[in-house]
>>> print(open('protein.cif').read())   # mmCIF, N, CA and C atoms
data_start
loop_
_atom_site.label_atom_id
_atom_site.label_comp_id
_atom_site.auth_asym_id
_atom_site.auth_seq_id
_atom_site.Cartn_x
_atom_site.Cartn_y
_atom_site.Cartn_z
N MET A 1 26.96 12.06 -29.47
CA MET A 1 25.84 12.02 -28.54
C MET A 1 26.24 12.76 -27.27
N SER A 2 25.38 13.67 -26.81
CA SER A 2 25.67 14.44 -25.61
C SER A 2 25.48 13.55 -24.37
N ASP A 3 26.01 14.05 -23.25
CA ASP A 3 25.89 13.30 -22.00
C ASP A 3 24.43 13.10 -21.62
N ASP A 4 23.60 14.13 -21.85
CA ASP A 4 22.18 14.04 -21.51
C ASP A 4 21.48 12.98 -22.35
N GLU A 5 21.77 12.96 -23.65
CA GLU A 5 21.16 11.96 -24.52
C GLU A 5 21.63 10.56 -24.17
N GLU A 6 22.91 10.45 -23.82
CA GLU A 6 23.45 9.14 -23.43
C GLU A 6 22.79 8.64 -22.15
N TRP A 7 22.58 9.55 -21.19
CA TRP A 7 21.93 9.17 -19.94
C TRP A 7 20.50 8.70 -20.20
N LYS A 8 19.77 9.44 -21.04
CA LYS A 8 18.39 9.07 -21.34
C LYS A 8 18.31 7.74 -22.06
N SER A 9 19.25 7.46 -22.95
CA SER A 9 19.21 6.21 -23.69
C SER A 9 19.66 5.03 -22.85
N SER A 10 20.40 5.27 -21.76
CA SER A 10 20.87 4.18 -20.91
C SER A 10 19.85 3.78 -19.85
N PHE A 11 18.77 4.52 -19.73
CA PHE A 11 17.74 4.22 -18.72
C PHE A 11 17.05 2.91 -19.06
N VAL A 12 16.90 2.06 -18.06
CA VAL A 12 16.21 0.79 -18.24
C VAL A 12 14.95 0.83 -17.39
N GLN A 13 13.80 0.75 -18.04
CA GLN A 13 12.51 0.78 -17.35
C GLN A 13 12.33 -0.50 -16.54
N GLY A 14 12.02 -0.36 -15.26
CA GLY A 14 11.76 -1.51 -14.41
C GLY A 14 10.34 -2.01 -14.60
N ASP A 15 10.04 -3.12 -13.95
CA ASP A 15 8.71 -3.71 -14.00
C ASP A 15 7.81 -2.94 -13.04
N ASP A 16 6.85 -2.20 -13.60
CA ASP A 16 5.96 -1.38 -12.77
C ASP A 16 5.13 -2.21 -11.81
N ALA A 17 4.73 -3.39 -12.22
CA ALA A 17 3.94 -4.26 -11.34
C ALA A 17 4.77 -4.67 -10.12
N ALA A 18 6.03 -4.99 -10.33
CA ALA A 18 6.90 -5.38 -9.21
C ALA A 18 7.18 -4.19 -8.30
N LEU A 19 7.39 -3.02 -8.89
CA LEU A 19 7.62 -1.83 -8.09
C LEU A 19 6.39 -1.46 -7.27
N THR A 20 5.22 -1.56 -7.88
CA THR A 20 3.97 -1.27 -7.17
C THR A 20 3.74 -2.27 -6.05
N ALA A 21 4.04 -3.53 -6.30
CA ALA A 21 3.89 -4.56 -5.26
C ALA A 21 4.82 -4.28 -4.09
N ALA A 22 6.04 -3.83 -4.38
CA ALA A 22 6.99 -3.51 -3.31
C ALA A 22 6.50 -2.31 -2.49
N ILE A 23 5.92 -1.34 -3.15
CA ILE A 23 5.39 -0.16 -2.43
C ILE A 23 4.22 -0.58 -1.55
N LYS A 24 3.34 -1.43 -2.07
CA LYS A 24 2.19 -1.91 -1.27
C LYS A 24 2.67 -2.74 -0.08
N ALA A 25 3.73 -3.52 -0.26
CA ALA A 25 4.28 -4.30 0.85
C ALA A 25 4.84 -3.38 1.93
N ARG A 26 5.54 -2.34 1.51
CA ARG A 26 6.05 -1.37 2.49
C ARG A 26 4.92 -0.65 3.20
N GLU A 27 3.85 -0.35 2.45
CA GLU A 27 2.70 0.30 3.07
C GLU A 27 2.06 -0.61 4.11
N ALA A 28 1.99 -1.91 3.81
CA ALA A 28 1.44 -2.88 4.77
C ALA A 28 2.31 -2.95 6.03
N GLU A 29 3.62 -2.77 5.89
CA GLU A 29 4.51 -2.75 7.04
C GLU A 29 4.37 -1.45 7.83
N CYS A 30 4.14 -0.35 7.13
CA CYS A 30 4.07 0.96 7.78
C CYS A 30 2.75 1.20 8.49
N ASP A 31 1.65 0.70 7.93
CA ASP A 31 0.32 0.98 8.50
C ASP A 31 0.20 0.64 9.98
N PRO A 32 0.64 -0.54 10.44
CA PRO A 32 0.54 -0.81 11.89
C PRO A 32 1.39 0.14 12.73
N LEU A 33 2.49 0.62 12.16
CA LEU A 33 3.35 1.54 12.90
C LEU A 33 2.77 2.94 12.98
N LEU A 34 1.81 3.24 12.11
CA LEU A 34 1.19 4.57 12.10
C LEU A 34 -0.07 4.64 12.97
N ARG A 35 -0.60 3.49 13.34
CA ARG A 35 -1.80 3.48 14.18
C ARG A 35 -1.43 3.84 15.61
N ARG A 36 -2.38 4.42 16.29
CA ARG A 36 -2.14 4.77 17.70
C ARG A 36 -2.12 3.50 18.52
N GLY A 37 -1.34 3.53 19.56
CA GLY A 37 -1.26 2.38 20.44
C GLY A 37 0.18 2.09 20.82
N PRO A 38 0.39 0.99 21.54
CA PRO A 38 1.74 0.69 22.02
C PRO A 38 2.72 0.34 20.89
N SER A 39 2.21 -0.15 19.77
CA SER A 39 3.13 -0.53 18.68
C SER A 39 3.36 0.62 17.69
N ALA A 40 2.81 1.79 17.97
CA ALA A 40 2.97 2.93 17.07
C ALA A 40 4.42 3.42 17.08
N ASP A 41 4.97 3.59 15.89
CA ASP A 41 6.33 4.09 15.76
C ASP A 41 6.46 4.81 14.42
N PRO A 42 5.96 6.07 14.34
CA PRO A 42 6.01 6.77 13.06
C PRO A 42 7.42 7.04 12.55
N VAL A 43 8.41 7.10 13.43
CA VAL A 43 9.79 7.30 13.01
C VAL A 43 10.28 6.09 12.23
N LYS A 44 9.98 4.92 12.73
CA LYS A 44 10.36 3.69 12.04
C LYS A 44 9.59 3.56 10.73
N ALA A 45 8.31 3.97 10.74
CA ALA A 45 7.50 3.93 9.53
C ALA A 45 8.08 4.84 8.46
N LEU A 46 8.56 6.01 8.86
CA LEU A 46 9.17 6.93 7.90
C LEU A 46 10.42 6.31 7.28
N ALA A 47 11.25 5.71 8.11
CA ALA A 47 12.47 5.06 7.60
C ALA A 47 12.12 3.92 6.64
N LEU A 48 11.10 3.13 6.99
CA LEU A 48 10.66 2.04 6.11
C LEU A 48 10.13 2.57 4.79
N SER A 49 9.40 3.66 4.83
CA SER A 49 8.80 4.21 3.61
C SER A 49 9.85 4.73 2.65
N LEU A 50 11.02 5.08 3.16
CA LEU A 50 12.09 5.62 2.32
C LEU A 50 12.94 4.53 1.67
N ALA A 51 12.74 3.28 2.08
CA ALA A 51 13.53 2.18 1.52
C ALA A 51 13.13 1.91 0.08
N ASP A 52 14.12 1.65 -0.73
CA ASP A 52 13.94 1.22 -2.12
C ASP A 52 13.04 2.17 -2.93
N PRO A 53 13.46 3.41 -3.14
CA PRO A 53 12.66 4.34 -3.94
C PRO A 53 12.55 3.85 -5.40
N PRO A 54 11.47 4.16 -6.07
CA PRO A 54 11.24 3.64 -7.43
C PRO A 54 12.00 4.44 -8.49
N TYR A 55 13.33 4.33 -8.49
CA TYR A 55 14.14 5.04 -9.48
C TYR A 55 14.03 4.39 -10.86
N ALA A 56 13.66 3.11 -10.91
CA ALA A 56 13.68 2.37 -12.17
C ALA A 56 12.39 2.50 -12.97
N THR A 57 11.69 3.60 -12.81
CA THR A 57 10.46 3.79 -13.57
C THR A 57 10.28 5.26 -13.94
N ARG A 58 9.58 5.46 -15.02
CA ARG A 58 9.16 6.81 -15.39
C ARG A 58 7.65 6.94 -15.27
N THR A 59 7.00 5.92 -14.75
CA THR A 59 5.55 5.91 -14.61
C THR A 59 5.15 6.75 -13.41
N ALA A 60 4.35 7.77 -13.67
CA ALA A 60 3.96 8.71 -12.61
C ALA A 60 3.15 8.03 -11.52
N ALA A 61 2.29 7.08 -11.87
CA ALA A 61 1.44 6.43 -10.87
C ALA A 61 2.27 5.67 -9.83
N VAL A 62 3.35 5.05 -10.26
CA VAL A 62 4.21 4.31 -9.33
C VAL A 62 4.92 5.30 -8.41
N LYS A 63 5.46 6.36 -8.97
CA LYS A 63 6.15 7.36 -8.16
C LYS A 63 5.18 8.07 -7.22
N ASP A 64 3.96 8.31 -7.68
CA ASP A 64 2.95 8.94 -6.83
C ASP A 64 2.57 8.05 -5.65
N ALA A 65 2.49 6.75 -5.87
CA ALA A 65 2.15 5.82 -4.78
C ALA A 65 3.24 5.85 -3.71
N ALA A 66 4.50 5.86 -4.13
CA ALA A 66 5.60 5.92 -3.17
C ALA A 66 5.60 7.26 -2.44
N THR A 67 5.34 8.33 -3.16
CA THR A 67 5.31 9.66 -2.54
C THR A 67 4.17 9.76 -1.53
N GLU A 68 3.03 9.21 -1.87
CA GLU A 68 1.89 9.24 -0.95
C GLU A 68 2.20 8.52 0.35
N LEU A 69 2.89 7.38 0.25
CA LEU A 69 3.27 6.64 1.46
C LEU A 69 4.21 7.45 2.33
N VAL A 70 5.22 8.06 1.74
CA VAL A 70 6.18 8.86 2.51
C VAL A 70 5.48 10.05 3.16
N CYS A 71 4.61 10.72 2.41
CA CYS A 71 3.89 11.87 2.95
C CYS A 71 2.97 11.47 4.10
N LYS A 72 2.35 10.30 3.97
CA LYS A 72 1.48 9.81 5.05
C LYS A 72 2.30 9.55 6.31
N CYS A 73 3.48 9.00 6.16
CA CYS A 73 4.34 8.75 7.31
C CYS A 73 4.84 10.05 7.93
N MET A 74 5.18 11.02 7.09
CA MET A 74 5.62 12.31 7.62
C MET A 74 4.50 13.02 8.36
N ALA A 75 3.29 12.95 7.83
CA ALA A 75 2.16 13.64 8.45
C ALA A 75 1.80 13.03 9.80
N SER A 76 2.12 11.75 9.99
CA SER A 76 1.75 11.10 11.25
C SER A 76 2.78 11.32 12.35
N ALA A 77 3.96 11.78 11.99
CA ALA A 77 5.01 12.01 13.00
C ALA A 77 4.68 13.27 13.78
N SER A 78 4.66 13.16 15.10
CA SER A 78 4.33 14.32 15.93
C SER A 78 5.52 15.28 16.02
N ASP A 79 6.73 14.75 15.98
CA ASP A 79 7.93 15.59 16.03
C ASP A 79 8.77 15.26 14.80
N ILE A 80 8.51 15.96 13.72
CA ILE A 80 9.17 15.65 12.45
C ILE A 80 10.67 15.94 12.52
N ASP A 81 11.09 16.94 13.30
CA ASP A 81 12.51 17.24 13.42
C ASP A 81 13.27 16.07 14.04
N ALA A 82 12.70 15.47 15.08
CA ALA A 82 13.33 14.32 15.71
C ALA A 82 13.35 13.12 14.77
N ALA A 83 12.27 12.96 14.01
CA ALA A 83 12.19 11.84 13.06
C ALA A 83 13.26 11.98 11.98
N ILE A 84 13.43 13.18 11.45
CA ILE A 84 14.44 13.40 10.42
C ILE A 84 15.84 13.25 10.99
N GLY A 85 16.01 13.61 12.26
CA GLY A 85 17.30 13.47 12.91
C GLY A 85 17.78 12.04 13.03
N THR A 86 16.88 11.08 12.97
CA THR A 86 17.26 9.67 13.07
C THR A 86 17.64 9.07 11.72
N LEU A 87 17.40 9.79 10.64
CA LEU A 87 17.66 9.26 9.30
C LEU A 87 19.13 9.41 8.92
N SER A 88 19.60 8.50 8.07
CA SER A 88 20.95 8.61 7.52
C SER A 88 20.97 9.69 6.45
N LEU A 89 22.15 10.07 6.00
CA LEU A 89 22.26 11.09 4.95
C LEU A 89 21.61 10.60 3.65
N GLU A 90 21.76 9.34 3.35
CA GLU A 90 21.14 8.79 2.14
C GLU A 90 19.61 8.84 2.24
N GLN A 91 19.08 8.51 3.42
CA GLN A 91 17.63 8.58 3.62
C GLN A 91 17.14 10.02 3.54
N CYS A 92 17.92 10.97 4.05
CA CYS A 92 17.55 12.38 3.96
C CYS A 92 17.54 12.84 2.51
N ASP A 93 18.48 12.35 1.71
CA ASP A 93 18.52 12.68 0.29
C ASP A 93 17.27 12.16 -0.41
N VAL A 94 16.89 10.93 -0.11
CA VAL A 94 15.68 10.35 -0.70
C VAL A 94 14.45 11.13 -0.23
N LEU A 95 14.42 11.48 1.05
CA LEU A 95 13.30 12.24 1.60
C LEU A 95 13.13 13.58 0.88
N MET A 96 14.22 14.25 0.61
CA MET A 96 14.15 15.54 -0.09
C MET A 96 13.54 15.37 -1.48
N LYS A 97 13.87 14.28 -2.16
CA LYS A 97 13.29 14.03 -3.48
C LYS A 97 11.78 13.84 -3.37
N TYR A 98 11.33 13.13 -2.34
CA TYR A 98 9.89 12.96 -2.12
C TYR A 98 9.22 14.29 -1.75
N ILE A 99 9.89 15.10 -0.96
CA ILE A 99 9.32 16.39 -0.57
C ILE A 99 9.15 17.28 -1.80
N TYR A 100 10.16 17.30 -2.66
CA TYR A 100 10.05 18.10 -3.89
C TYR A 100 8.89 17.60 -4.75
N ARG A 101 8.76 16.30 -4.88
CA ARG A 101 7.65 15.74 -5.67
C ARG A 101 6.32 16.04 -4.99
N GLY A 102 6.28 15.94 -3.66
CA GLY A 102 5.05 16.22 -2.93
C GLY A 102 4.64 17.68 -3.00
N CYS A 103 5.63 18.58 -3.03
CA CYS A 103 5.31 20.01 -3.15
C CYS A 103 4.66 20.32 -4.49
N ALA A 104 4.98 19.55 -5.50
CA ALA A 104 4.39 19.77 -6.82
C ALA A 104 2.93 19.30 -6.85
N ARG A 105 2.57 18.45 -5.91
CA ARG A 105 1.21 17.91 -5.88
C ARG A 105 0.65 18.06 -4.46
N ALA A 106 -0.24 19.01 -4.28
CA ALA A 106 -0.77 19.33 -2.95
C ALA A 106 -1.61 18.23 -2.34
N GLN A 107 -2.17 17.31 -3.15
CA GLN A 107 -3.06 16.29 -2.60
C GLN A 107 -2.32 15.34 -1.66
N PHE A 108 -1.00 15.25 -1.75
CA PHE A 108 -0.25 14.37 -0.86
C PHE A 108 -0.20 14.90 0.56
N TRP A 109 -0.45 16.18 0.75
CA TRP A 109 -0.28 16.80 2.05
C TRP A 109 -1.59 17.03 2.78
N ARG A 110 -2.68 16.41 2.32
CA ARG A 110 -3.94 16.54 3.04
C ARG A 110 -3.81 15.92 4.41
N ARG A 111 -4.31 16.62 5.39
CA ARG A 111 -4.29 16.08 6.75
C ARG A 111 -5.48 15.15 6.95
N PRO A 112 -5.28 14.08 7.72
CA PRO A 112 -6.44 13.25 8.06
C PRO A 112 -7.46 14.07 8.85
N ALA A 113 -8.71 13.70 8.76
CA ALA A 113 -9.78 14.46 9.41
C ALA A 113 -9.55 14.57 10.92
N SER A 114 -8.96 13.55 11.53
CA SER A 114 -8.74 13.57 12.97
C SER A 114 -7.68 14.60 13.38
N ARG A 115 -6.79 14.98 12.44
CA ARG A 115 -5.73 15.92 12.76
C ARG A 115 -5.93 17.27 12.09
N ALA A 116 -7.06 17.45 11.45
CA ALA A 116 -7.31 18.71 10.73
C ALA A 116 -7.45 19.86 11.72
N ARG A 117 -6.92 20.97 11.32
CA ARG A 117 -7.04 22.15 12.17
C ARG A 117 -8.43 22.75 11.97
N PRO A 118 -9.04 23.21 13.05
CA PRO A 118 -10.36 23.83 12.88
C PRO A 118 -10.23 25.14 12.12
N ARG A 119 -11.18 25.39 11.27
CA ARG A 119 -11.17 26.64 10.51
C ARG A 119 -11.77 27.74 11.35
N ARG A 120 -11.13 28.88 11.27
CA ARG A 120 -11.64 30.04 12.00
C ARG A 120 -12.50 30.85 11.06
N ALA A 121 -13.50 31.47 11.63
CA ALA A 121 -14.36 32.34 10.83
C ALA A 121 -13.57 33.58 10.44
N PRO A 122 -13.78 34.09 9.23
CA PRO A 122 -13.06 35.30 8.83
C PRO A 122 -13.53 36.48 9.66
N PRO A 123 -12.70 37.49 9.79
CA PRO A 123 -13.10 38.68 10.55
C PRO A 123 -14.34 39.31 9.94
N PRO A 124 -15.19 39.94 10.75
CA PRO A 124 -16.42 40.55 10.24
C PRO A 124 -16.16 41.56 9.13
N ALA A 125 -15.04 42.24 9.16
CA ALA A 125 -14.76 43.24 8.13
C ALA A 125 -14.63 42.58 6.76
N LEU A 126 -14.07 41.37 6.70
CA LEU A 126 -13.89 40.67 5.45
C LEU A 126 -15.21 40.10 4.93
N THR A 127 -16.07 39.64 5.83
CA THR A 127 -17.34 39.08 5.38
C THR A 127 -18.26 40.17 4.87
N ALA A 128 -18.09 41.38 5.34
CA ALA A 128 -18.93 42.49 4.87
C ALA A 128 -18.57 42.88 3.43
N LEU A 129 -17.32 42.61 3.03
CA LEU A 129 -16.88 42.96 1.69
C LEU A 129 -17.41 42.01 0.62
N SER A 130 -17.76 40.82 1.00
CA SER A 130 -18.19 39.85 -0.03
C SER A 130 -19.66 39.87 -0.29
#
>>> encode(input="protein.cif", output="C-alpha coordinates")
Amino acid sequence: MSDDEEWKSSFVQGDDAALTAAIKAREAECDPLLRRGPSADPVKALALSLADPPYATRTAAVKDAATELVCKCMASASDIDAAIGTLSLEQCDVLMKYIYRGCARAQFWRRPASRARPRRAPPPALTALS
(Lines of atoms letter the chains of each structure in order from A and count residues from 1; the text may use other names and numbers.)
(Lines give C-alpha, C1' and ligand atoms only; values in the text may rest on other atoms or scores of the structure.)
Protein backbone atom coordinates (compact mmCIF):
# COMPACT_ATOMS: atom_id res chain seq x y z
CA MET A 1 0.00 0.00 0.00
CA SER A 2 1.41 3.40 -0.97
CA ASP A 3 1.67 6.28 1.46
CA ASP A 4 -1.18 8.09 -0.31
CA GLU A 5 -3.50 5.08 -0.08
CA GLU A 6 -2.56 4.56 3.56
CA TRP A 7 -3.31 8.21 4.35
CA LYS A 8 -6.71 8.02 2.61
CA SER A 9 -7.65 4.82 4.42
CA SER A 10 -6.65 6.25 7.82
CA PHE A 11 -9.02 9.22 7.51
CA VAL A 12 -11.82 9.16 10.06
CA GLN A 13 -14.94 11.13 9.08
CA GLY A 14 -16.14 13.37 11.89
CA ASP A 15 -19.74 14.07 12.82
CA ASP A 16 -20.92 16.70 10.33
CA ALA A 17 -23.75 17.82 12.61
CA ALA A 18 -21.31 18.51 15.45
CA LEU A 19 -18.90 20.31 13.13
CA THR A 20 -21.72 22.43 11.69
CA ALA A 21 -22.94 23.27 15.20
CA ALA A 22 -19.43 24.37 16.18
CA ILE A 23 -19.20 26.60 13.10
CA LYS A 24 -22.60 28.16 13.89
CA ALA A 25 -21.50 28.76 17.49
CA ARG A 26 -18.35 30.52 16.28
CA GLU A 27 -20.47 32.56 13.88
CA ALA A 28 -22.72 33.60 16.79
CA GLU A 29 -19.59 34.74 18.66
CA CYS A 30 -18.20 36.60 15.65
CA ASP A 31 -21.37 38.42 14.55
CA PRO A 32 -21.43 40.93 17.47
CA LEU A 33 -17.74 41.64 16.88
CA LEU A 34 -18.42 42.44 13.22
CA ARG A 35 -21.20 44.95 13.88
CA ARG A 36 -20.35 48.61 14.02
CA GLY A 37 -20.19 50.15 17.43
CA PRO A 38 -18.06 50.17 20.56
CA SER A 39 -17.92 46.36 20.79
CA ALA A 40 -16.77 45.93 17.18
CA ASP A 41 -13.51 44.02 16.90
CA PRO A 42 -13.04 42.43 13.46
CA VAL A 43 -9.48 41.35 14.35
CA LYS A 44 -10.75 39.28 17.24
CA ALA A 45 -13.57 37.96 15.04
CA LEU A 46 -11.02 36.81 12.45
CA ALA A 47 -9.01 34.98 15.11
CA LEU A 48 -12.18 33.34 16.45
CA SER A 49 -13.26 32.27 12.97
CA LEU A 50 -9.95 30.46 12.45
CA ALA A 51 -10.35 28.32 15.58
CA ASP A 52 -11.01 24.62 15.13
CA PRO A 53 -11.04 24.24 11.32
CA PRO A 54 -13.16 21.33 10.04
CA TYR A 55 -10.32 18.96 9.11
CA ALA A 56 -12.36 15.91 10.16
CA THR A 57 -14.78 16.04 7.25
CA ARG A 58 -14.87 15.64 3.52
CA THR A 59 -18.32 17.22 3.29
CA ALA A 60 -18.14 20.32 1.11
CA ALA A 61 -21.10 22.05 2.82
CA VAL A 62 -19.35 21.98 6.21
CA LYS A 63 -16.10 23.30 4.78
CA ASP A 64 -17.99 25.95 2.80
CA ALA A 65 -19.75 27.18 5.96
CA ALA A 66 -16.41 27.60 7.73
CA THR A 67 -14.89 29.31 4.70
CA GLU A 68 -17.83 31.70 4.44
CA LEU A 69 -17.39 32.72 8.08
CA VAL A 70 -13.67 33.40 7.65
CA CYS A 71 -14.26 35.36 4.44
CA LYS A 72 -16.96 37.43 6.14
CA CYS A 73 -14.55 38.30 8.95
CA MET A 74 -11.78 39.18 6.51
CA ALA A 75 -14.10 41.39 4.46
CA SER A 76 -15.14 43.33 7.55
CA ALA A 77 -11.59 44.17 8.63
CA SER A 78 -10.67 47.69 7.56
CA ASP A 79 -6.92 47.02 7.82
CA ILE A 80 -6.38 43.40 6.83
CA ASP A 81 -2.58 43.70 7.05
CA ALA A 82 -2.79 44.69 10.72
CA ALA A 83 -5.33 41.94 11.38
CA ILE A 84 -3.08 39.28 9.84
CA GLY A 85 -0.13 40.67 11.78
CA THR A 86 -1.84 39.76 15.05
CA LEU A 87 -2.28 36.10 14.08
CA SER A 88 0.03 33.27 15.12
CA LEU A 89 1.87 31.24 12.50
CA GLU A 90 -0.60 28.38 12.95
CA GLN A 91 -3.54 30.76 12.44
CA CYS A 92 -1.86 32.17 9.31
CA ASP A 93 -1.46 28.62 7.99
CA VAL A 94 -5.16 27.95 8.56
CA LEU A 95 -6.04 31.31 6.99
CA MET A 96 -4.09 30.44 3.84
CA LYS A 97 -6.08 27.21 3.50
CA TYR A 98 -9.32 29.20 3.71
CA ILE A 99 -8.04 31.75 1.20
CA TYR A 100 -7.17 29.00 -1.28
CA ARG A 101 -10.62 27.46 -0.83
CA GLY A 102 -12.25 30.90 -1.11
CA CYS A 103 -10.36 31.68 -4.31
CA ALA A 104 -11.88 28.58 -5.87
CA ARG A 105 -15.36 29.89 -5.07
CA ALA A 106 -15.98 33.57 -5.85
CA GLN A 107 -19.30 33.74 -3.96
CA PHE A 108 -17.41 33.90 -0.64
CA TRP A 109 -15.87 37.23 -1.59
CA ARG A 110 -19.05 39.20 -2.30
CA ARG A 111 -18.96 42.55 -0.60
CA PRO A 112 -21.90 43.61 1.54
CA ALA A 113 -24.08 46.21 -0.16
CA SER A 114 -22.98 48.87 2.35
CA ARG A 115 -19.32 48.40 1.35
CA ALA A 116 -19.80 47.84 -2.37
CA ARG A 117 -17.78 50.03 -4.63
CA PRO A 118 -19.83 52.19 -6.98
CA ARG A 119 -19.68 51.09 -10.57
CA ARG A 120 -18.33 53.54 -13.04
CA ALA A 121 -19.88 53.98 -16.43
CA PRO A 122 -17.74 52.60 -19.25
CA PRO A 123 -15.98 55.12 -21.46
CA PRO A 124 -18.12 56.41 -24.37
CA ALA A 125 -15.80 54.74 -26.87
CA LEU A 126 -16.62 51.31 -25.42
CA THR A 127 -20.37 51.87 -25.33
CA ALA A 128 -20.33 52.87 -29.00
CA LEU A 129 -18.83 49.47 -29.90
CA SER A 130 -21.65 47.45 -28.40
>>> atom_distance(input="protein.cif", atom1="atom C of Ala83 in chain A", atom2="CA of Ala18 in chain A")
28.1 Å
>>> residues_around(input="protein.cif", residues="Asp64 in chain A", least_positions_apart="3", cutoff="10 Å", atoms="only C-alpha atoms", output="PyMOL selection string")
chain A and resi 54+59-61+67-70+98+101-102+105+108
>>> select_by_dssp(input="protein.cif", residues="range 15-74 of chain A", states="alpha helix (DSSP H)", output="ChimeraX atom specification")
/A:16-34,42-49,60-74
>>> residues_near_point(input="protein.cif", point="(4.8, 0.9, -8.4)", cutoff="5 Å", atoms="all atoms listed in the file", output="MDAnalysis selection string")
chainID A and resid 16 19:21 62
>>> closest_residue(input="protein.cif", among="A:Cys73, A:Ala104, A:Leu89, A:Leu95", to="Val43 in chain A", atoms="all atoms listed in the file")
A:Cys73
>>> resolve_selection(input="protein.cif", expression="the PyMOL selection byres (((chain A and resi 25 and name CA) around 12) and name CA)", output="CSV table (one decimal) with N, CA and C atoms, in the frame of the given file")
chain,number,residue,atom,x,y,z
A,18,ALA,N,6.0,-5.0,-10.3
A,18,ALA,CA,6.9,-5.4,-9.2
A,18,ALA,C,7.2,-4.2,-8.3
A,19,LEU,N,7.4,-3.0,-8.9
A,19,LEU,CA,7.6,-1.8,-8.1
A,19,LEU,C,6.4,-1.5,-7.3
A,20,THR,N,5.2,-1.6,-7.9
A,20,THR,CA,4.0,-1.3,-7.2
A,20,THR,C,3.7,-2.3,-6.0
A,21,ALA,N,4.0,-3.5,-6.3
A,21,ALA,CA,3.9,-4.6,-5.3
A,21,ALA,C,4.8,-4.3,-4.1
A,22,ALA,N,6.0,-3.8,-4.4
A,22,ALA,CA,7.0,-3.5,-3.3
A,22,ALA,C,6.5,-2.3,-2.5
A,23,ILE,N,5.9,-1.3,-3.2
A,23,ILE,CA,5.4,-0.2,-2.4
A,23,ILE,C,4.2,-0.6,-1.6
A,24,LYS,N,3.3,-1.4,-2.1
A,24,LYS,CA,2.2,-1.9,-1.3
A,24,LYS,C,2.7,-2.7,-0.1
A,26,ARG,N,5.5,-2.3,1.5
A,26,ARG,CA,6.0,-1.4,2.5
A,26,ARG,C,4.9,-0.6,3.2
A,27,GLU,N,3.8,-0.4,2.4
A,27,GLU,CA,2.7,0.3,3.1
A,27,GLU,C,2.1,-0.6,4.1
A,28,ALA,N,2.0,-1.9,3.8
A,28,ALA,CA,1.4,-2.9,4.8
A,28,ALA,C,2.3,-3.0,6.0
A,29,GLU,N,3.6,-2.8,5.9
A,29,GLU,CA,4.5,-2.8,7.0
A,29,GLU,C,4.4,-1.4,7.8
A,30,CYS,N,4.1,-0.4,7.1
A,30,CYS,CA,4.1,1.0,7.8
A,30,CYS,C,2.8,1.2,8.5
A,31,ASP,N,1.6,0.7,7.9
A,31,ASP,CA,0.3,1.0,8.5
A,31,ASP,C,0.2,0.6,10.0
A,48,LEU,N,11.1,3.1,7.0
A,48,LEU,CA,10.7,2.0,6.1
A,48,LEU,C,10.1,2.6,4.8
A,49,SER,N,9.4,3.7,4.8
A,49,SER,CA,8.8,4.2,3.6
A,49,SER,C,9.8,4.7,2.6
A,51,ALA,N,12.7,3.3,2.1
A,51,ALA,CA,13.5,2.2,1.5
A,51,ALA,C,13.1,1.9,0.1
A,52,ASP,N,14.1,1.6,-0.7
A,52,ASP,CA,13.9,1.2,-2.1
A,52,ASP,C,13.0,2.2,-2.9
A,65,ALA,N,2.5,6.8,-5.9
A,65,ALA,CA,2.2,5.8,-4.8
A,65,ALA,C,3.2,5.8,-3.7
A,66,ALA,N,4.5,5.9,-4.1
A,66,ALA,CA,5.6,5.9,-3.2
A,66,ALA,C,5.6,7.3,-2.4
A,69,LEU,N,2.9,7.4,0.2
A,69,LEU,CA,3.3,6.6,1.5
A,69,LEU,C,4.2,7.4,2.3
>>> atom_distance(input="protein.cif", atom1="atom C of Thr57 in chain A", atom2="CA of Ala17 in chain A")
11.7 Å
>>> atom_distance(input="protein.cif", atom1="CA of Ala75 in chain A", atom2="CA of Leu34 in chain A")
9.8 Å
>>> residues_around(input="protein.cif", residues="Leu87 in chain A", least_positions_apart="5", cutoff="7 Å", atoms="all atoms listed in the file", output="list in words")
Ala47, Ala82 and Cys92 of chain A
>>> closest_residue(input="protein.cif", among="A:Tyr55, A:Pro32, A:Pro42, A:Gly37", to="Gln13 in chain A", atoms="only C-alpha atoms")
A:Tyr55
